[in-house]
>>> print(open('query.csv').read())   # CSV, C-alpha atoms
chain,number,residue,atom,x,y,z
A,9,MET,CA,-6.5,6.6,-52.6
A,10,LYS,CA,-9.9,5.0,-52.2
A,11,ALA,CA,-11.3,1.6,-51.2
A,12,LEU,CA,-14.2,-0.3,-52.7
A,13,ILE,CA,-16.8,-1.0,-49.9
A,14,PHE,CA,-20.0,-2.9,-50.4
A,15,ASP,CA,-21.6,-2.5,-47.0
A,16,ILE,CA,-21.3,-0.7,-43.7
A,17,LYS,CA,-23.1,-2.5,-40.9
A,18,ARG,CA,-23.8,-0.6,-37.7
A,19,PHE,CA,-24.4,-2.0,-34.2
A,20,ALA,CA,-22.7,-5.3,-35.0
A,21,ILE,CA,-22.2,-7.5,-32.0
A,22,HIS,CA,-20.6,-10.6,-33.5
A,23,ASP,CA,-17.5,-9.0,-35.1
A,24,GLY,CA,-15.3,-8.4,-32.0
A,25,PRO,CA,-15.8,-6.9,-28.6
A,26,GLY,CA,-18.5,-4.4,-27.8
A,27,ILE,CA,-20.8,-2.7,-30.3
A,28,ARG,CA,-19.0,-2.3,-33.6
A,29,THR,CA,-19.3,-0.8,-37.0
A,30,THR,CA,-18.3,-3.4,-39.6
A,31,ILE,CA,-17.0,-2.2,-43.0
A,32,PHE,CA,-17.2,-4.8,-45.7
A,33,PHE,CA,-14.4,-4.5,-48.3
A,34,LYS,CA,-15.2,-5.8,-51.8
A,35,GLY,CA,-12.8,-8.3,-53.4
A,36,CYS,CA,-11.6,-11.7,-52.2
A,37,PRO,CA,-9.1,-14.3,-53.5
A,38,LEU,CA,-11.1,-17.2,-52.1
A,39,ILE,CA,-14.2,-18.7,-53.7
A,40,CYS,CA,-15.7,-20.5,-50.7
A,41,PRO,CA,-19.0,-21.9,-51.9
A,42,TRP,CA,-20.6,-21.5,-48.5
A,43,CYS,CA,-19.8,-17.8,-48.3
A,44,HIS,CA,-22.6,-15.6,-46.8
A,45,ASN,CA,-21.3,-12.6,-48.8
A,46,PRO,CA,-20.8,-13.9,-52.4
A,47,GLU,CA,-21.2,-10.3,-53.7
A,48,SER,CA,-17.9,-9.6,-52.1
A,49,ARG,CA,-15.8,-11.8,-54.4
A,50,SER,CA,-15.4,-9.4,-57.3
A,51,SER,CA,-13.1,-6.5,-56.9
A,52,ASN,CA,-15.3,-4.4,-59.2
A,53,ILE,CA,-18.5,-2.5,-58.9
A,54,GLU,CA,-21.3,-4.7,-60.1
A,55,SER,CA,-24.9,-4.1,-61.2
A,56,TYR,CA,-28.0,-6.1,-60.6
A,57,THR,CA,-31.7,-5.8,-61.0
A,58,GLN,CA,-33.8,-5.2,-57.9
A,59,THR,CA,-37.3,-6.5,-58.0
A,60,GLU,CA,-39.9,-4.9,-55.7
A,61,LYS,CA,-43.6,-5.7,-55.4
A,62,ILE,CA,-46.2,-3.2,-54.2
A,63,GLY,CA,-49.6,-4.8,-54.3
A,64,ASP,CA,-50.1,-6.5,-57.6
A,65,LYS,CA,-47.5,-4.4,-59.3
A,66,THR,CA,-43.8,-5.3,-59.9
A,67,PHE,CA,-41.1,-2.6,-60.1
A,68,LEU,CA,-37.6,-3.2,-61.5
A,69,SER,CA,-34.7,-1.0,-60.7
A,70,GLU,CA,-31.0,-1.2,-61.4
A,71,LYS,CA,-28.7,-1.2,-58.4
A,72,GLU,CA,-25.0,-1.2,-57.9
A,73,ILE,CA,-22.9,-3.3,-55.4
A,74,GLY,CA,-19.9,-1.3,-54.2
A,75,ARG,CA,-18.9,2.3,-53.7
A,76,TYR,CA,-15.5,3.9,-53.4
A,77,TYR,CA,-14.6,5.7,-50.2
A,78,SER,CA,-11.6,7.7,-49.2
A,79,LYS,CA,-10.3,7.1,-45.7
A,80,GLU,CA,-11.6,10.6,-44.7
A,81,GLU,CA,-15.1,9.8,-46.0
A,82,LEU,CA,-15.1,6.5,-44.1
A,83,ILE,CA,-14.0,8.0,-40.8
A,84,ILE,CA,-16.8,10.5,-41.0
A,85,GLU,CA,-19.2,7.5,-41.2
A,86,ILE,CA,-17.5,5.7,-38.4
A,87,LYS,CA,-17.4,8.6,-36.0
A,88,LYS,CA,-21.2,8.7,-36.0
A,89,ASP,CA,-21.1,5.6,-33.8
A,90,GLN,CA,-18.2,6.6,-31.6
A,91,VAL,CA,-20.4,7.1,-28.5
A,92,PHE,CA,-21.4,3.4,-28.7
A,93,PHE,CA,-17.8,2.4,-29.0
A,94,LYS,CA,-16.9,4.3,-25.9
A,95,GLU,CA,-19.8,2.9,-23.8
A,96,THR,CA,-19.2,-0.7,-24.8
A,97,ASN,CA,-15.5,-0.9,-25.5
A,98,GLY,CA,-16.4,-1.5,-29.1
A,99,GLY,CA,-14.9,-0.2,-32.3
A,100,ILE,CA,-14.6,-0.9,-36.0
A,101,THR,CA,-14.1,-4.2,-37.8
A,102,CYS,CA,-12.9,-4.5,-41.3
A,103,SER,CA,-14.4,-7.5,-43.0
A,104,GLY,CA,-15.3,-8.6,-46.5
A,105,GLY,CA,-14.5,-10.1,-48.8
A,106,GLU,CA,-10.8,-9.9,-47.8
A,107,PRO,CA,-9.8,-6.4,-46.6
A,108,LEU,CA,-6.1,-7.2,-47.1
A,109,GLU,CA,-6.7,-7.2,-50.8
A,110,GLN,CA,-6.8,-3.4,-50.4
A,111,SER,CA,-3.9,-3.4,-47.9
A,112,ASN,CA,-2.4,0.0,-48.8
A,113,PHE,CA,-5.7,1.8,-48.2
A,114,LEU,CA,-6.4,-0.4,-45.2
A,115,ARG,CA,-3.2,0.6,-43.5
A,116,GLY,CA,-3.9,4.3,-43.7
A,117,PHE,CA,-7.5,3.9,-42.6
A,118,LEU,CA,-6.6,1.8,-39.6
A,119,GLU,CA,-4.0,4.3,-38.6
A,120,LEU,CA,-6.5,7.1,-38.8
A,121,CYS,CA,-9.0,5.1,-36.7
A,122,LEU,CA,-6.3,4.6,-34.0
A,123,SER,CA,-5.5,8.3,-34.0
A,124,GLU,CA,-9.2,8.9,-33.2
A,125,GLY,CA,-9.0,6.4,-30.3
A,126,ILE,CA,-11.1,3.8,-32.1
A,127,HIS,CA,-10.4,0.1,-31.5
A,128,THR,CA,-9.6,-1.8,-34.7
A,129,ALA,CA,-10.3,-5.4,-35.6
A,130,LEU,CA,-9.6,-7.2,-38.9
A,131,ASP,CA,-11.6,-10.2,-40.0
A,132,THR,CA,-9.3,-12.0,-42.5
A,133,SER,CA,-8.6,-15.3,-44.3
A,134,GLY,CA,-4.9,-14.6,-43.9
A,135,TYR,CA,-4.3,-15.1,-47.6
A,136,ILE,CA,-1.7,-12.4,-48.2
A,137,GLU,CA,2.1,-12.0,-48.6
A,138,LEU,CA,3.7,-11.8,-45.2
A,139,ASN,CA,5.5,-8.5,-45.9
A,140,LYS,CA,2.1,-6.9,-46.5
A,141,LEU,CA,0.7,-8.4,-43.3
A,142,LYS,CA,3.7,-7.1,-41.3
A,143,ARG,CA,3.2,-3.6,-42.6
A,144,ILE,CA,-0.4,-3.5,-41.3
A,145,SER,CA,-0.2,-5.6,-38.1
A,146,SER,CA,0.8,-2.7,-35.8
A,147,PHE,CA,-2.5,-0.9,-36.7
A,148,VAL,CA,-4.7,-3.9,-35.8
A,149,ASN,CA,-5.8,-4.2,-32.2
A,150,LEU,CA,-7.4,-7.6,-32.8
A,151,PHE,CA,-7.2,-10.2,-35.6
A,152,LEU,CA,-10.3,-12.3,-36.3
A,153,PHE,CA,-8.5,-15.1,-38.2
A,154,ASP,CA,-10.6,-17.6,-40.2
A,155,ILE,CA,-9.4,-21.1,-40.5
A,156,LYS,CA,-11.3,-22.9,-43.2
A,157,HIS,CA,-9.5,-26.3,-43.2
A,158,LEU,CA,-6.1,-27.7,-42.2
A,159,ASP,CA,-6.0,-30.2,-45.0
A,160,ASN,CA,-4.5,-28.4,-48.0
A,161,THR,CA,-6.1,-30.6,-50.6
A,162,ILE,CA,-9.6,-30.0,-49.1
A,163,HIS,CA,-8.8,-26.3,-48.6
A,164,LYS,CA,-7.9,-25.8,-52.2
A,165,ARG,CA,-10.8,-27.8,-53.5
A,166,TYR,CA,-13.3,-25.6,-51.8
A,167,THR,CA,-11.6,-22.2,-51.6
A,168,GLY,CA,-9.5,-22.2,-54.7
A,169,VAL,CA,-6.3,-21.4,-52.9
A,170,ASP,CA,-3.6,-23.3,-50.9
A,171,ASN,CA,-3.6,-22.9,-47.1
A,172,GLU,CA,0.2,-22.9,-46.7
A,173,ILE,CA,0.5,-19.1,-46.7
A,174,ILE,CA,-2.5,-18.8,-44.4
A,175,LEU,CA,-1.2,-21.1,-41.7
A,176,LYS,CA,2.2,-19.5,-41.9
A,177,ASN,CA,0.6,-16.1,-41.4
A,178,PHE,CA,-1.5,-17.4,-38.5
A,179,ASP,CA,1.7,-18.6,-36.8
A,180,TRP,CA,3.4,-15.3,-37.4
A,181,ILE,CA,0.6,-13.2,-36.0
A,182,ILE,CA,0.6,-15.3,-32.8
A,183,GLU,CA,4.4,-15.3,-32.5
A,184,SER,CA,4.6,-11.5,-33.0
A,185,GLY,CA,2.3,-11.0,-30.0
A,186,ASN,CA,-0.7,-9.6,-31.8
A,187,SER,CA,-4.1,-10.4,-30.3
A,188,VAL,CA,-5.9,-13.0,-32.3
A,189,ILE,CA,-9.2,-15.0,-32.2
A,190,ALA,CA,-9.5,-18.1,-34.3
A,191,ARG,CA,-12.9,-18.2,-36.1
A,192,ILE,CA,-13.9,-21.6,-37.4
A,193,PRO,CA,-16.8,-22.0,-39.9
A,194,VAL,CA,-18.6,-25.2,-39.1
A,195,ILE,CA,-19.9,-26.9,-42.3
A,196,PRO,CA,-21.2,-30.5,-42.2
A,197,LYS,CA,-19.5,-32.9,-44.6
A,198,ILE,CA,-16.5,-30.6,-45.0
A,199,ASN,CA,-15.1,-29.9,-41.5
A,200,ALA,CA,-17.8,-30.9,-39.1
A,201,ASN,CA,-16.7,-34.3,-37.9
A,202,LYS,CA,-15.2,-35.3,-34.6
A,203,ASP,CA,-11.9,-36.6,-36.0
A,204,TYR,CA,-11.2,-33.4,-37.8
A,205,ILE,CA,-12.2,-31.2,-34.9
A,206,VAL,CA,-9.9,-33.1,-32.5
A,207,ARG,CA,-7.1,-32.6,-35.0
A,208,LEU,CA,-8.0,-28.9,-35.2
A,209,MET,CA,-8.0,-28.5,-31.5
A,210,ASN,CA,-4.6,-30.2,-31.2
A,211,TYR,CA,-3.3,-27.7,-33.7
A,212,LEU,CA,-4.8,-24.7,-31.9
A,213,GLU,CA,-3.8,-25.9,-28.5
A,214,GLU,CA,-0.1,-26.1,-29.5
A,215,ARG,CA,-0.3,-22.4,-30.4
A,216,ARG,CA,-2.3,-21.1,-27.4
A,217,ARG,CA,-0.7,-18.1,-25.8
A,218,ASP,CA,-1.8,-15.1,-23.7
A,219,ASN,CA,-2.5,-13.3,-27.0
A,220,PHE,CA,-4.3,-16.3,-28.5
A,221,ASN,CA,-6.7,-18.0,-26.1
A,222,GLU,CA,-10.1,-17.6,-27.8
A,223,VAL,CA,-12.0,-19.6,-30.4
A,224,HIS,CA,-15.3,-18.7,-32.1
A,225,TRP,CA,-17.4,-21.4,-33.8
A,226,LEU,CA,-19.4,-20.1,-36.7
A,227,PRO,CA,-22.3,-22.4,-37.8
A,228,TYR,CA,-23.1,-22.4,-41.5
A,229,HIS,CA,-26.5,-21.1,-42.2
A,230,HIS,CA,-28.7,-20.6,-45.3
A,231,ILE,CA,-29.2,-16.9,-44.9
A,232,GLY,CA,-26.9,-16.0,-47.7
A,233,CYS,CA,-28.2,-18.6,-50.2
A,234,ALA,CA,-30.7,-16.2,-51.9
A,235,LYS,CA,-27.9,-13.9,-52.8
A,236,TYR,CA,-26.4,-16.4,-55.2
A,237,GLU,CA,-29.5,-16.3,-57.4
A,238,LYS,CA,-30.0,-12.6,-56.9
A,239,PHE,CA,-26.5,-11.7,-58.0
A,240,LYS,CA,-26.2,-14.5,-60.5
A,241,ILE,CA,-23.2,-16.1,-58.7
A,242,THR,CA,-22.4,-19.8,-58.8
A,243,GLY,CA,-22.7,-21.3,-55.4
A,244,ASP,CA,-23.6,-24.6,-53.6
A,245,ASN,CA,-26.7,-24.5,-51.5
A,246,SER,CA,-26.6,-28.2,-50.6
A,247,PHE,CA,-24.6,-27.6,-47.4
A,248,GLU,CA,-26.5,-28.5,-44.2
A,249,GLU,CA,-26.8,-26.3,-41.2
A,250,PRO,CA,-25.2,-27.9,-38.1
A,251,ASN,CA,-27.6,-28.5,-35.3
A,252,GLY,CA,-27.2,-27.0,-31.8
A,253,ASP,CA,-25.9,-30.3,-30.3
A,254,ILE,CA,-23.0,-30.4,-32.8
A,255,MET,CA,-22.1,-26.8,-32.1
A,256,GLU,CA,-22.1,-27.3,-28.3
A,257,ALA,CA,-20.0,-30.4,-28.6
A,258,TYR,CA,-17.3,-28.6,-30.5
A,259,ALA,CA,-17.5,-25.6,-28.2
A,260,ASP,CA,-17.0,-28.0,-25.2
A,261,LEU,CA,-13.9,-29.4,-26.9
A,262,SER,CA,-12.3,-26.0,-27.1
A,263,ARG,CA,-13.3,-25.1,-23.5
A,264,GLU,CA,-11.7,-28.3,-22.3
A,265,ARG,CA,-8.5,-27.2,-24.0
A,266,GLY,CA,-8.6,-23.9,-22.0
A,267,PHE,CA,-9.9,-21.6,-24.7
A,268,ILE,CA,-12.4,-18.8,-24.2
A,269,THR,CA,-15.2,-20.1,-26.4
A,270,LYS,CA,-18.2,-18.6,-28.2
A,271,ILE,CA,-20.7,-19.9,-30.7
A,272,GLY,CA,-21.4,-17.4,-33.4
A,273,GLY,CA,-18.6,-15.0,-32.7
>>> encode(input="query.csv", output="C-alpha cells")
Amino acid sequence: MKALIFDIKRFAIHDGPGIRTTIFFKGCPLICPWCHNPESRSSNIESYTQTEKIGDKTFLSEKEIGRYYSKEELIIEIKKDQVFFKETNGGITCSGGEPLEQSNFLRGFLELCLSEGIHTALDTSGYIELNKLKRISSFVNLFLFDIKHLDNTIHKRYTGVDNEIILKNFDWIIESGNSVIARIPVIPKINANKDYIVRLMNYLEERRRDNFNEVHWLPYHHIGCAKYEKFKITGDNSFEEPNGDIMEAYADLSRERGFITKIGG
C-alpha cells in the first residue's frame, strides 16, 4: 500500500511542538478558496509547466505534483531528522490536503512512527466517518483540528461540505481523551468579526478539558495565491490579510477564556 504525497517539509516549527517534519498528503474533500495548498485538492498526480528564466532566456519544463510512497520509504525519509526530534521534543506531522482521505495507509504509517519512538501529530479538517477516525486515533499523539466555521450554511458555501460530521468528530476526539489543539483560520469577511469570534470562544470554552486547552489563530495570507495561476486552479484572491491588531484581539479573547494561545501555530 502506498500514499500520494506532494511535499515533505523539514524543520517545520508551526505544525506542533518542537522541530517537526511535515508530510503533505494529496487529496482533500474540502474546496476552501483561501487554501494555501490548492495543489493538494486532487487525489491524482498532476502535471504543470515550470517556467525558469536565466538571463534573457526562458526555459520550460514539465513537472509533476505528487509521488507515491510506501510507509517504509517514508520512514526512511523521516528518520533522517530524528536527532532534531529528540533534541526539541518534536516529531512528524501529517498534513495536506486531508491525510484522513488515505486513512488505511495513514494508520500503518503512524503505527510505524510510534514504534520508532517518533511523536505523531495529525493536522485535519475532521471531515471523515467516525469509525475511520476511531481506528486511527490511538496512533495520533496530537490532533491539530481545523475549525473553519460554526455556521453550517457558511461552512458549506465556502468549503463545499457540511460541518456536522466535523463538529461531531471534534467532540468525540475531546471526549475520548485525545490531545487536541483547535486551529482557527482568520479570514476577514468570513469569520473575522467580533460577534462570531465571541460565539466561537463560547463554543470552545464549553469543551475545554485537560486534553484540550490550546488554540492557534492562523492569519490568512497571500503567500499561496500565486499557486492558483501556476497550477490552473480556480481560487479567490480577494480575501484580505488580517492585521496584527485583529490577531492580537482574538488571541486575547482565547487567553481570557483560559486557553494556551498562539498566533500562527
>>> atom_distance(input="query.csv", atom1="atom CA of Gly26 of chain A", atom2="atom CA of Leu212 of chain A")
24.8 Å
>>> atom_distance(input="query.csv", atom1="atom CA of Arg215 of chain A", atom2="atom CA of Phe178 of chain A")
9.6 Å
>>> closest_atom_pairs(input="query.csv", of="segment 139-186 of chain A", to="segment 80-101 of chain A", cutoff="10 Å", atoms="only C-alpha atoms", output="JSON lines")
{"residue": "A:Val148", "atom": "CA", "partner": "A:Thr101", "partner_atom": "CA", "distance": 9.6}
{"residue": "A:Asn149", "atom": "CA", "partner": "A:Gly99", "partner_atom": "CA", "distance": 9.9}
{"residue": "A:Leu150", "atom": "CA", "partner": "A:Thr101", "partner_atom": "CA", "distance": 9.0}
{"residue": "A:Phe151", "atom": "CA", "partner": "A:Thr101", "partner_atom": "CA", "distance": 9.4}
{"residue": "A:Leu152", "atom": "CA", "partner": "A:Thr101", "partner_atom": "CA", "distance": 9.1}
>>> residues_around(input="query.csv", residues="Gln58 of chain A", least_positions_apart="6", cutoff="9 Å", atoms="all atoms listed in the file", output="VMD selection string")
chain A and resid 67 to 71 238
>>> atom_distance(input="query.csv", atom1="atom CA of Ser55 of chain A", atom2="atom CA of Phe239 of chain A")
8.4 Å
>>> closest_residue(input="query.csv", among="A:Ile13, A:Ile126, A:Ile181, A:Ile62", to="Pro107 of chain A", atoms="only C-alpha atoms")
A:Ile13
>>> residues_around(input="query.csv", residues="Gly266 of chain A", least_positions_apart="6", cutoff="10 Å", atoms="only C-alpha atoms", output="list of chain:residue names")
A:Glu213, A:Arg216, A:Asn221, A:Glu222, A:Asp260
>>> closest_residue(input="query.csv", among="A:Arg265, A:Lys34, A:Lys156, A:Arg207", to="Gly104 of chain A", atoms="all atoms listed in the file")
A:Lys34
>>> closest_residue(input="query.csv", among="A:His230, A:His157, A:His163, A:Lys240", to="Asn201 of chain A", atoms="only C-alpha atoms")
A:His157
>>> residues_around(input="query.csv", residues="Asp23 of chain A", least_positions_apart="4", cutoff="12 Å", atoms="all atoms listed in the file", output="PyMOL selection string")
chain A and resi 17-19+27-32+98-104+128-132+150-153+189+191+224+226+270+272-273
>>> residues_around(input="query.csv", residues="Ile136 of chain A", least_positions_apart="5", cutoff="9 Å", atoms="all atoms listed in the file", output="list in words")
Leu108, Glu109, Leu141, Ile173, Ile174 and Asn177 of chain A
>>> closest_residue(input="query.csv", among="A:Leu261, A:Leu12, A:Val169, A:Val194", to="His229 of chain A", atoms="only C-alpha atoms")
A:Val194
>>> closest_residue(input="query.csv", among="A:Cys121, A:Cys43, A:Leu38, A:Ile53", to="Gly232 of chain A", atoms="only C-alpha atoms")
A:Cys43
>>> closest_residue(input="query.csv", among="A:Glu124, A:Glu106, A:Asp170, A:Asp15", to="Arg49 of chain A", atoms="all atoms listed in the file")
A:Glu106
>>> residues_around(input="query.csv", residues="Glu248 of chain A", least_positions_apart="2", cutoff="10 Å", atoms="only C-alpha atoms", output="list of chain:residue names")
A:Val194, A:Ile195, A:Pro196, A:Lys197, A:Pro227, A:Tyr228, A:His229, A:His230, A:Asn245, A:Ser246, A:Pro250, A:Asn251
>>> axis_aligned_box(input="query.csv", around="segment 212-228 of chain A", padding_each_side="6 Å", output="JSON")
{"center_x": -11.6, "center_y": -19.7, "center_z": -32.6, "size_x": 35.0, "size_y": 24.8, "size_z": 29.8}
>>> residues_near_point(input="query.csv", point="(2.1, -6.8, -37.0)", cutoff="7 Å", atoms="only C-alpha atoms", output="PyMOL selection string")
chain A and resi 141-146+181+184+186
>>> residues_near_point(input="query.csv", point="(-16.7, -17.0, -53.9)", cutoff="10 Å", atoms="all atoms listed in the file", output="JSON, numbers by chain")
{"A": [35, 36, 37, 38, 39, 40, 41, 42, 43, 44, 45, 46, 47, 48, 49, 50, 105, 166, 167, 168, 236, 241, 242, 243]}
>>> decode(input="query.csv", residues="segment 63-130 of chain A", atoms="C-alpha atoms", output="PDB file, in the first residue's frame")
ATOM      1  CA  GLY A  63      19.372  35.881 -18.137  1.00  0.00           C
ATOM      2  CA  ASP A  64      17.305  36.714 -21.198  1.00  0.00           C
ATOM      3  CA  LYS A  65      16.384  33.095 -21.874  1.00  0.00           C
ATOM      4  CA  THR A  66      13.224  31.277 -20.752  1.00  0.00           C
ATOM      5  CA  PHE A  67      13.191  27.547 -20.156  1.00  0.00           C
ATOM      6  CA  LEU A  68      10.055  25.423 -19.857  1.00  0.00           C
ATOM      7  CA  SER A  69       9.965  22.016 -18.214  1.00  0.00           C
ATOM      8  CA  GLU A  70       7.196  19.606 -17.298  1.00  0.00           C
ATOM      9  CA  LYS A  71       6.874  18.848 -13.589  1.00  0.00           C
ATOM     10  CA  GLU A  72       4.616  16.561 -11.582  1.00  0.00           C
ATOM     11  CA  ILE A  73       2.813  17.238  -8.323  1.00  0.00           C
ATOM     12  CA  GLY A  74       2.692  14.150  -6.169  1.00  0.00           C
ATOM     13  CA  ARG A  75       4.660  10.963  -5.646  1.00  0.00           C
ATOM     14  CA  TYR A  76       3.643   7.619  -4.202  1.00  0.00           C
ATOM     15  CA  TYR A  77       5.474   6.406  -1.092  1.00  0.00           C
ATOM     16  CA  SER A  78       5.260   3.201   0.868  1.00  0.00           C
ATOM     17  CA  LYS A  79       5.335   3.568   4.653  1.00  0.00           C
ATOM     18  CA  GLU A  80       8.838   2.071   4.645  1.00  0.00           C
ATOM     19  CA  GLU A  81      10.066   4.661   2.127  1.00  0.00           C
ATOM     20  CA  LEU A  82       8.534   7.471   4.166  1.00  0.00           C
ATOM     21  CA  ILE A  83      10.017   6.317   7.451  1.00  0.00           C
ATOM     22  CA  ILE A  84      13.490   6.298   5.864  1.00  0.00           C
ATOM     23  CA  GLU A  85      12.978   9.973   4.972  1.00  0.00           C
ATOM     24  CA  ILE A  86      11.626  10.789   8.422  1.00  0.00           C
ATOM     25  CA  LYS A  87      14.417   9.102  10.378  1.00  0.00           C
ATOM     26  CA  LYS A  88      16.950  11.460   8.766  1.00  0.00           C
ATOM     27  CA  ASP A  89      15.538  14.137  11.082  1.00  0.00           C
ATOM     28  CA  GLN A  90      15.206  12.022  14.213  1.00  0.00           C
ATOM     29  CA  VAL A  91      18.089  13.756  16.007  1.00  0.00           C
ATOM     30  CA  PHE A  92      16.180  17.058  15.788  1.00  0.00           C
ATOM     31  CA  PHE A  93      13.037  15.421  17.138  1.00  0.00           C
ATOM     32  CA  LYS A  94      14.891  14.119  20.172  1.00  0.00           C
ATOM     33  CA  GLU A  95      16.616  17.427  20.915  1.00  0.00           C
ATOM     34  CA  THR A  96      13.405  19.515  20.685  1.00  0.00           C
ATOM     35  CA  ASN A  97      10.613  17.058  21.603  1.00  0.00           C
ATOM     36  CA  GLY A  98       9.465  17.281  18.007  1.00  0.00           C
ATOM     37  CA  GLY A  99       8.241  14.656  15.587  1.00  0.00           C
ATOM     38  CA  ILE A 100       6.220  14.254  12.405  1.00  0.00           C
ATOM     39  CA  THR A 101       3.022  15.998  11.377  1.00  0.00           C
ATOM     40  CA  CYS A 102       0.725  14.614   8.696  1.00  0.00           C
ATOM     41  CA  SER A 103      -0.961  17.454   6.835  1.00  0.00           C
ATOM     42  CA  GLY A 104      -2.376  18.109   3.403  1.00  0.00           C
ATOM     43  CA  GLY A 105      -4.779  18.156   1.814  1.00  0.00           C
ATOM     44  CA  GLU A 106      -6.583  15.849   4.182  1.00  0.00           C
ATOM     45  CA  PRO A 107      -4.459  12.918   5.411  1.00  0.00           C
ATOM     46  CA  LEU A 108      -7.551  11.032   6.560  1.00  0.00           C
ATOM     47  CA  GLU A 109      -8.541  10.636   2.895  1.00  0.00           C
ATOM     48  CA  GLN A 110      -5.806   7.966   2.877  1.00  0.00           C
ATOM     49  CA  SER A 111      -6.664   6.600   6.311  1.00  0.00           C
ATOM     50  CA  ASN A 112      -5.680   2.975   5.744  1.00  0.00           C
ATOM     51  CA  PHE A 113      -2.143   3.954   4.810  1.00  0.00           C
ATOM     52  CA  LEU A 114      -2.032   6.630   7.479  1.00  0.00           C
ATOM     53  CA  ARG A 115      -2.855   4.176  10.267  1.00  0.00           C
ATOM     54  CA  GLY A 116       0.024   1.878   9.351  1.00  0.00           C
ATOM     55  CA  PHE A 117       2.457   4.739   8.880  1.00  0.00           C
ATOM     56  CA  LEU A 118       1.645   6.348  12.222  1.00  0.00           C
ATOM     57  CA  GLU A 119       1.943   2.999  13.961  1.00  0.00           C
ATOM     58  CA  LEU A 120       5.398   2.575  12.403  1.00  0.00           C
ATOM     59  CA  CYS A 121       6.428   6.054  13.568  1.00  0.00           C
ATOM     60  CA  LEU A 122       5.371   5.296  17.126  1.00  0.00           C
ATOM     61  CA  SER A 123       7.329   2.041  17.059  1.00  0.00           C
ATOM     62  CA  GLU A 124      10.400   4.155  16.243  1.00  0.00           C
ATOM     63  CA  GLY A 125       9.701   6.482  19.168  1.00  0.00           C
ATOM     64  CA  ILE A 126       8.594   9.363  16.920  1.00  0.00           C
ATOM     65  CA  HIS A 127       5.876  11.724  18.171  1.00  0.00           C
ATOM     66  CA  THR A 128       2.913  11.919  15.763  1.00  0.00           C
ATOM     67  CA  ALA A 129       0.591  14.827  15.017  1.00  0.00           C
ATOM     68  CA  LEU A 130      -2.299  14.979  12.583  1.00  0.00           C
TER      69      LEU A 130
END
